[in-house]
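Shown below: protein39.txt, with compact mmCIF, N, CA and C atoms.
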# COMPACT_ATOMS: atom_id res chain seq x y z
N MET A 595 15.78 32.91 -10.00
CA MET A 595 16.90 32.09 -9.60
C MET A 595 16.42 31.06 -8.59
N ILE A 596 16.74 29.76 -8.82
CA ILE A 596 16.35 28.69 -7.92
C ILE A 596 17.55 28.32 -7.06
N PHE A 597 17.37 28.40 -5.76
CA PHE A 597 18.43 28.02 -4.84
C PHE A 597 18.45 26.51 -4.70
N PHE A 598 19.56 25.98 -4.21
CA PHE A 598 19.72 24.55 -4.05
C PHE A 598 18.56 23.95 -3.24
N GLY A 599 18.22 24.59 -2.14
CA GLY A 599 17.12 24.09 -1.31
C GLY A 599 15.80 24.05 -2.05
N GLU A 600 15.54 25.09 -2.82
CA GLU A 600 14.31 25.11 -3.61
C GLU A 600 14.31 23.99 -4.64
N HIS A 601 15.48 23.76 -5.23
CA HIS A 601 15.60 22.69 -6.23
C HIS A 601 15.32 21.34 -5.58
N LEU A 602 15.85 21.13 -4.36
CA LEU A 602 15.60 19.89 -3.65
C LEU A 602 14.11 19.69 -3.40
N TRP A 603 13.43 20.75 -2.96
CA TRP A 603 12.01 20.63 -2.68
C TRP A 603 11.22 20.33 -3.94
N ILE A 604 11.61 20.96 -5.02
CA ILE A 604 10.94 20.66 -6.30
C ILE A 604 11.17 19.20 -6.66
N HIS A 605 12.41 18.73 -6.45
CA HIS A 605 12.72 17.32 -6.74
C HIS A 605 11.88 16.38 -5.87
N TYR A 606 11.81 16.65 -4.56
CA TYR A 606 11.03 15.77 -3.67
C TYR A 606 9.55 15.85 -3.96
N TYR A 607 9.10 17.05 -4.30
CA TYR A 607 7.69 17.20 -4.63
C TYR A 607 7.36 16.35 -5.86
N HIS A 608 8.20 16.46 -6.90
CA HIS A 608 7.95 15.67 -8.11
C HIS A 608 8.14 14.19 -7.85
N SER A 609 9.13 13.82 -7.03
CA SER A 609 9.31 12.41 -6.67
C SER A 609 8.08 11.89 -5.95
N SER A 610 7.54 12.69 -5.06
CA SER A 610 6.34 12.30 -4.33
C SER A 610 5.15 12.16 -5.27
N LYS A 611 5.04 13.09 -6.21
CA LYS A 611 3.95 13.03 -7.20
C LYS A 611 4.06 11.77 -8.05
N ILE A 612 5.29 11.45 -8.47
CA ILE A 612 5.51 10.24 -9.27
C ILE A 612 5.16 9.01 -8.44
N ALA A 613 5.59 8.99 -7.20
CA ALA A 613 5.27 7.87 -6.32
C ALA A 613 3.77 7.75 -6.13
N LYS A 614 3.08 8.89 -6.02
CA LYS A 614 1.62 8.85 -5.85
C LYS A 614 0.96 8.27 -7.10
N ARG A 615 1.44 8.69 -8.28
CA ARG A 615 0.89 8.12 -9.51
C ARG A 615 1.14 6.62 -9.56
N SER A 616 2.34 6.20 -9.14
CA SER A 616 2.65 4.78 -9.11
C SER A 616 1.72 4.05 -8.16
N LEU A 617 1.49 4.64 -7.00
CA LEU A 617 0.61 4.01 -6.02
C LEU A 617 -0.80 3.90 -6.56
N ILE A 618 -1.28 4.93 -7.22
CA ILE A 618 -2.63 4.89 -7.81
C ILE A 618 -2.70 3.78 -8.85
N THR A 619 -1.65 3.66 -9.66
CA THR A 619 -1.61 2.60 -10.66
C THR A 619 -1.63 1.24 -9.98
N TYR A 620 -0.78 1.07 -8.96
CA TYR A 620 -0.74 -0.21 -8.27
C TYR A 620 -2.03 -0.48 -7.52
N TRP A 621 -2.65 0.57 -6.99
CA TRP A 621 -3.93 0.43 -6.29
C TRP A 621 -4.93 -0.22 -7.23
N SER A 622 -4.88 0.18 -8.51
CA SER A 622 -5.77 -0.41 -9.51
C SER A 622 -5.31 -1.80 -9.93
N VAL A 623 -4.02 -1.94 -10.18
CA VAL A 623 -3.48 -3.22 -10.64
C VAL A 623 -3.71 -4.30 -9.59
N PHE A 624 -3.47 -3.98 -8.35
CA PHE A 624 -3.68 -4.95 -7.29
C PHE A 624 -5.14 -5.01 -6.87
N ASP A 625 -5.95 -4.19 -7.50
CA ASP A 625 -7.40 -4.17 -7.34
C ASP A 625 -7.83 -4.19 -5.89
N VAL A 626 -7.42 -3.16 -5.19
CA VAL A 626 -7.74 -3.04 -3.78
C VAL A 626 -9.25 -2.99 -3.57
N ALA A 627 -9.96 -2.33 -4.48
CA ALA A 627 -11.42 -2.24 -4.35
C ALA A 627 -12.06 -3.63 -4.42
N GLN A 628 -11.58 -4.45 -5.31
CA GLN A 628 -12.11 -5.82 -5.42
C GLN A 628 -11.78 -6.61 -4.15
N LYS A 629 -10.59 -6.39 -3.62
CA LYS A 629 -10.21 -7.09 -2.39
C LYS A 629 -11.06 -6.62 -1.22
N GLU A 630 -11.41 -5.34 -1.20
CA GLU A 630 -12.30 -4.83 -0.15
C GLU A 630 -13.68 -5.46 -0.27
N ASP A 631 -14.17 -5.63 -1.50
CA ASP A 631 -15.46 -6.30 -1.70
C ASP A 631 -15.40 -7.75 -1.22
N LYS A 632 -14.31 -8.43 -1.59
CA LYS A 632 -14.15 -9.83 -1.17
C LYS A 632 -14.06 -9.92 0.35
N LEU A 633 -13.37 -8.96 0.96
CA LEU A 633 -13.25 -8.93 2.42
C LEU A 633 -14.63 -8.80 3.07
N THR A 634 -15.45 -7.90 2.53
CA THR A 634 -16.80 -7.70 3.07
C THR A 634 -17.61 -9.00 2.99
N LYS A 635 -17.52 -9.68 1.85
CA LYS A 635 -18.25 -10.95 1.69
C LYS A 635 -17.75 -12.01 2.67
N LEU A 636 -16.43 -12.08 2.82
CA LEU A 636 -15.87 -13.06 3.75
C LEU A 636 -16.21 -12.73 5.20
N GLN A 637 -16.28 -11.45 5.52
CA GLN A 637 -16.68 -11.06 6.88
C GLN A 637 -18.10 -11.52 7.17
N LYS A 638 -18.98 -11.35 6.19
CA LYS A 638 -20.36 -11.81 6.36
C LYS A 638 -20.41 -13.33 6.49
N GLU A 639 -19.62 -14.00 5.64
CA GLU A 639 -19.59 -15.46 5.69
C GLU A 639 -19.03 -15.96 7.03
N SER A 640 -18.05 -15.24 7.56
CA SER A 640 -17.43 -15.67 8.83
C SER A 640 -18.40 -15.54 10.00
N GLN A 641 -19.43 -14.74 9.84
CA GLN A 641 -20.42 -14.57 10.90
C GLN A 641 -21.56 -15.58 10.81
N SER A 642 -21.54 -16.35 9.74
CA SER A 642 -22.58 -17.36 9.55
C SER A 642 -22.39 -18.50 10.55
N THR A 643 -23.49 -18.94 11.15
CA THR A 643 -23.41 -20.01 12.15
C THR A 643 -23.06 -21.36 11.53
N ASP A 644 -23.36 -21.56 10.26
CA ASP A 644 -23.08 -22.86 9.64
C ASP A 644 -21.67 -22.96 9.05
N LEU A 645 -20.91 -21.87 9.11
CA LEU A 645 -19.54 -21.90 8.57
C LEU A 645 -18.72 -22.99 9.25
N TRP A 646 -18.86 -23.11 10.55
CA TRP A 646 -18.00 -24.02 11.31
C TRP A 646 -18.42 -25.47 11.20
N SER A 647 -19.48 -25.75 10.46
CA SER A 647 -19.86 -27.16 10.24
C SER A 647 -18.84 -27.85 9.34
N ASN A 648 -18.11 -27.08 8.56
CA ASN A 648 -17.03 -27.61 7.74
C ASN A 648 -15.73 -26.94 8.20
N GLN A 649 -14.98 -27.64 9.05
CA GLN A 649 -13.78 -27.06 9.67
C GLN A 649 -12.73 -26.61 8.65
N ASN A 650 -12.54 -27.39 7.61
CA ASN A 650 -11.54 -27.03 6.60
C ASN A 650 -11.93 -25.74 5.87
N ARG A 651 -13.19 -25.66 5.52
CA ARG A 651 -13.69 -24.45 4.86
C ARG A 651 -13.57 -23.25 5.80
N ALA A 652 -13.92 -23.44 7.04
CA ALA A 652 -13.85 -22.35 8.02
C ALA A 652 -12.41 -21.85 8.17
N ARG A 653 -11.45 -22.77 8.24
CA ARG A 653 -10.05 -22.36 8.36
C ARG A 653 -9.60 -21.58 7.13
N ARG A 654 -9.99 -22.04 5.94
CA ARG A 654 -9.61 -21.33 4.70
C ARG A 654 -10.22 -19.93 4.67
N VAL A 655 -11.48 -19.83 5.05
CA VAL A 655 -12.16 -18.53 5.06
C VAL A 655 -11.46 -17.59 6.04
N MET A 656 -11.17 -18.07 7.24
CA MET A 656 -10.55 -17.22 8.26
C MET A 656 -9.12 -16.82 7.86
N LYS A 657 -8.38 -17.74 7.23
CA LYS A 657 -7.03 -17.43 6.78
C LYS A 657 -7.07 -16.37 5.67
N THR A 658 -7.97 -16.54 4.73
CA THR A 658 -8.11 -15.58 3.64
C THR A 658 -8.57 -14.23 4.18
N LEU A 659 -9.48 -14.26 5.12
CA LEU A 659 -9.98 -13.04 5.74
C LEU A 659 -8.84 -12.26 6.40
N ALA A 660 -8.03 -12.93 7.17
CA ALA A 660 -6.90 -12.28 7.86
C ALA A 660 -5.89 -11.73 6.84
N SER A 661 -5.63 -12.50 5.81
CA SER A 661 -4.68 -12.07 4.78
C SER A 661 -5.17 -10.82 4.06
N LEU A 662 -6.44 -10.81 3.68
CA LEU A 662 -7.01 -9.65 3.00
C LEU A 662 -7.02 -8.42 3.91
N GLU A 663 -7.38 -8.61 5.17
CA GLU A 663 -7.38 -7.48 6.11
C GLU A 663 -6.00 -6.86 6.20
N ASN A 664 -4.98 -7.70 6.33
CA ASN A 664 -3.60 -7.20 6.43
C ASN A 664 -3.15 -6.50 5.15
N GLU A 665 -3.49 -7.08 4.02
CA GLU A 665 -3.08 -6.49 2.75
C GLU A 665 -3.74 -5.13 2.52
N ILE A 666 -5.02 -5.05 2.77
CA ILE A 666 -5.76 -3.79 2.58
C ILE A 666 -5.25 -2.73 3.55
N LYS A 667 -5.04 -3.12 4.80
CA LYS A 667 -4.51 -2.19 5.80
C LYS A 667 -3.13 -1.67 5.37
N SER A 668 -2.33 -2.55 4.82
CA SER A 668 -0.99 -2.18 4.37
C SER A 668 -1.05 -1.18 3.22
N TRP A 669 -1.95 -1.40 2.27
CA TRP A 669 -2.09 -0.46 1.15
C TRP A 669 -2.57 0.90 1.63
N LYS A 670 -3.51 0.89 2.54
CA LYS A 670 -4.04 2.16 3.06
C LYS A 670 -2.96 2.93 3.82
N LYS A 671 -2.15 2.21 4.58
CA LYS A 671 -1.06 2.86 5.32
C LYS A 671 -0.04 3.47 4.35
N LEU A 672 0.28 2.75 3.28
CA LEU A 672 1.22 3.28 2.29
C LEU A 672 0.65 4.53 1.63
N LYS A 673 -0.63 4.51 1.35
CA LYS A 673 -1.29 5.67 0.75
C LYS A 673 -1.24 6.87 1.70
N GLU A 674 -1.47 6.64 2.98
CA GLU A 674 -1.39 7.72 3.98
C GLU A 674 0.02 8.29 4.06
N ARG A 675 1.02 7.42 4.03
CA ARG A 675 2.41 7.88 4.08
C ARG A 675 2.74 8.74 2.87
N LEU A 676 2.27 8.34 1.72
CA LEU A 676 2.54 9.09 0.51
C LEU A 676 1.85 10.45 0.55
N ASN A 677 0.62 10.49 1.00
CA ASN A 677 -0.08 11.77 1.12
C ASN A 677 0.62 12.69 2.10
N TYR A 678 1.14 12.13 3.18
CA TYR A 678 1.87 12.92 4.17
C TYR A 678 3.15 13.48 3.54
N ALA A 679 3.86 12.66 2.78
CA ALA A 679 5.09 13.12 2.11
C ALA A 679 4.78 14.25 1.13
N LEU A 680 3.68 14.13 0.42
CA LEU A 680 3.28 15.19 -0.50
C LEU A 680 2.99 16.49 0.25
N GLU A 681 2.32 16.37 1.39
CA GLU A 681 2.04 17.56 2.20
C GLU A 681 3.34 18.21 2.68
N LEU A 682 4.30 17.39 3.09
CA LEU A 682 5.60 17.93 3.51
C LEU A 682 6.28 18.65 2.35
N ALA A 683 6.26 18.03 1.18
CA ALA A 683 6.91 18.62 0.01
C ALA A 683 6.26 19.94 -0.37
N GLU A 684 4.95 20.02 -0.25
CA GLU A 684 4.23 21.24 -0.60
C GLU A 684 4.53 22.38 0.35
N LEU A 685 4.93 22.06 1.58
CA LEU A 685 5.26 23.11 2.55
C LEU A 685 6.50 23.89 2.13
N GLY A 686 7.45 23.21 1.52
CA GLY A 686 8.67 23.88 1.08
C GLY A 686 9.59 24.28 2.23
N ASP A 687 9.44 23.65 3.36
CA ASP A 687 10.25 23.97 4.54
C ASP A 687 11.55 23.17 4.48
N GLU A 688 12.67 23.90 4.31
CA GLU A 688 13.95 23.22 4.16
C GLU A 688 14.38 22.45 5.41
N SER A 689 13.84 22.79 6.56
CA SER A 689 14.21 22.06 7.77
C SER A 689 13.65 20.63 7.76
N LEU A 690 12.73 20.36 6.83
CA LEU A 690 12.13 19.03 6.73
C LEU A 690 12.78 18.17 5.64
N THR A 691 13.85 18.69 5.02
CA THR A 691 14.48 18.01 3.89
C THR A 691 14.89 16.58 4.22
N ALA A 692 15.57 16.38 5.33
CA ALA A 692 16.05 15.04 5.69
C ALA A 692 14.88 14.08 5.90
N ASP A 693 13.84 14.55 6.60
CA ASP A 693 12.67 13.70 6.83
C ASP A 693 11.98 13.34 5.52
N LEU A 694 11.84 14.32 4.66
CA LEU A 694 11.17 14.08 3.38
C LEU A 694 11.98 13.13 2.51
N GLU A 695 13.27 13.36 2.45
CA GLU A 695 14.14 12.49 1.64
C GLU A 695 14.04 11.05 2.12
N SER A 696 14.11 10.87 3.42
CA SER A 696 14.03 9.53 4.00
C SER A 696 12.68 8.88 3.69
N GLU A 697 11.61 9.63 3.83
CA GLU A 697 10.27 9.08 3.60
C GLU A 697 10.05 8.74 2.13
N VAL A 698 10.50 9.60 1.22
CA VAL A 698 10.33 9.33 -0.21
C VAL A 698 11.10 8.06 -0.59
N LYS A 699 12.33 7.94 -0.10
CA LYS A 699 13.12 6.73 -0.39
C LYS A 699 12.45 5.49 0.18
N SER A 700 11.92 5.59 1.37
CA SER A 700 11.25 4.47 2.00
C SER A 700 9.99 4.06 1.22
N ILE A 701 9.23 5.03 0.77
CA ILE A 701 8.02 4.75 -0.01
C ILE A 701 8.39 4.10 -1.33
N GLN A 702 9.41 4.64 -2.00
CA GLN A 702 9.85 4.05 -3.26
C GLN A 702 10.32 2.62 -3.08
N ALA A 703 11.04 2.35 -2.00
CA ALA A 703 11.49 0.99 -1.71
C ALA A 703 10.31 0.07 -1.46
N GLU A 704 9.31 0.56 -0.75
CA GLU A 704 8.11 -0.24 -0.47
C GLU A 704 7.37 -0.57 -1.77
N ILE A 705 7.26 0.39 -2.66
CA ILE A 705 6.59 0.15 -3.94
C ILE A 705 7.37 -0.87 -4.75
N GLU A 706 8.69 -0.75 -4.77
CA GLU A 706 9.52 -1.72 -5.49
C GLU A 706 9.38 -3.12 -4.90
N LYS A 707 9.30 -3.22 -3.58
CA LYS A 707 9.12 -4.51 -2.92
C LYS A 707 7.78 -5.13 -3.33
N ARG A 708 6.77 -4.29 -3.37
CA ARG A 708 5.45 -4.80 -3.76
C ARG A 708 5.43 -5.25 -5.22
N GLU A 709 6.17 -4.55 -6.08
CA GLU A 709 6.29 -4.98 -7.47
C GLU A 709 6.92 -6.37 -7.53
N PHE A 710 7.99 -6.55 -6.77
CA PHE A 710 8.69 -7.83 -6.75
C PHE A 710 7.78 -8.92 -6.21
N ASP A 711 7.10 -8.64 -5.12
CA ASP A 711 6.18 -9.61 -4.53
C ASP A 711 5.08 -9.98 -5.52
N ALA A 712 4.63 -9.00 -6.29
CA ALA A 712 3.58 -9.27 -7.27
C ALA A 712 4.07 -10.22 -8.36
N MET A 713 5.34 -10.08 -8.71
CA MET A 713 5.90 -10.98 -9.73
C MET A 713 5.92 -12.42 -9.22
N LEU A 714 6.06 -12.59 -7.91
CA LEU A 714 6.13 -13.91 -7.33
C LEU A 714 4.78 -14.46 -6.92
N SER A 715 3.75 -13.63 -7.04
CA SER A 715 2.44 -14.08 -6.55
C SER A 715 1.79 -15.03 -7.55
N GLY A 716 1.04 -15.93 -6.99
CA GLY A 716 0.32 -16.90 -7.80
C GLY A 716 -0.53 -17.76 -6.90
N ASP A 717 -1.16 -18.74 -7.48
CA ASP A 717 -2.10 -19.59 -6.73
C ASP A 717 -1.44 -20.31 -5.56
N PHE A 718 -0.17 -20.69 -5.69
CA PHE A 718 0.46 -21.52 -4.68
C PHE A 718 1.43 -20.76 -3.78
N ASP A 719 1.51 -19.45 -3.93
CA ASP A 719 2.49 -18.69 -3.20
C ASP A 719 2.12 -18.40 -1.76
N GLN A 720 0.90 -18.69 -1.34
CA GLN A 720 0.51 -18.50 0.06
C GLN A 720 1.00 -19.64 0.94
N GLY A 721 1.36 -20.76 0.32
CA GLY A 721 1.79 -21.93 1.08
C GLY A 721 3.29 -21.93 1.32
N ASP A 722 3.73 -22.96 2.03
CA ASP A 722 5.15 -23.10 2.33
C ASP A 722 5.89 -23.60 1.09
N ALA A 723 7.18 -23.28 1.05
CA ALA A 723 8.01 -23.72 -0.08
C ALA A 723 8.40 -25.17 0.10

Now that the file is in, can you turn its structure into structure tokens?
Amino acid sequence: MIFFGEHLWIHYYHSSKIAKRSLITYWSVFDVAQKEDKLTKLQKESQSTDLWSNQNRARRVMKTLASLENEIKSWKKLKERLNYALELAELGDESLTADLESEVKSIQAEIEKREFDAMLSGDFDQGDA
């Protein structure tokens, strides 16, 4: 016999698992590994003494560098949050139900936002409208 609380934990656990699969898929689709490689190259380039001989190039490199750092950090933070939610779900502690529910909803909303942002992304989307 499954009690209501047990059913909720099973639901949150499966919701967390689904969210984790979604995150793994998006991690690949958004090619975080490629962005990390690009970040490494740009970091090396930013340390070059001749970078600043071309001010426009230097500004573009530094802007791209900052953008990539923020994006990668954001993906890693989302992954940490999801792993934490999965750990909570695996505990099966009913006193954590509200926290888990809130976190799962927040993670799902964040993934949906990123999907939407991805639909709007393109070559000119970094600039002003």

Residues within 9 Å of A:Leu636, only C-alpha atoms, excluding chain neighbours under 4 positions, as a ChimeraX atom specification: /A:631-632,640-641,655-656,658-659

Atom CA of A:Thr643 to atom CA of A:Val626, distance in Å rounded to a single decimal: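 Atom CA of A:Thr643 sits 28.1 Å away from atom CA of A:Val626.
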
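Atom CA of A:Ile701 is positioned 7.0 Å from atom CA of A:Leu676.
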
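Coordinates place atom CA of A:Glu639 at a distance of 12.1 Å from atom CA of A:Arg653.
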
Residue nearest A:Trp669 among A:Asp693, A:Asp711, A:Gln628, A:Ile705 (counting only C-alpha atoms):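 Checking each candidate against A:Trp669, we get A:Ile705 as the closest.
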
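Compared by their closest atoms to A:Ser700, and using only C-alpha atoms, the residues A:Arg675, A:Ala683, A:Lys638, A:Glu688 rank with A:Arg675 nearest.
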
Padding 4 Å on each side, edges along x, y and z: where is the centre of the box around the listed atoms of stretch 658-665 of chain A, and how long are its edges in Å to one decimal? Output it as lines of an AutoDock Vina configuration file.
center_x = -6.5
center_y = -10.8
center_z = 5.2
size_x = 14.9
size_y = 19.4
size_z = 13.3

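Across A:Asn648, A:Arg654, A:Leu685, A:Lys629, the tightest approach to A:Ile666 is made by A:Lys629 when counting all atoms listed in the file.
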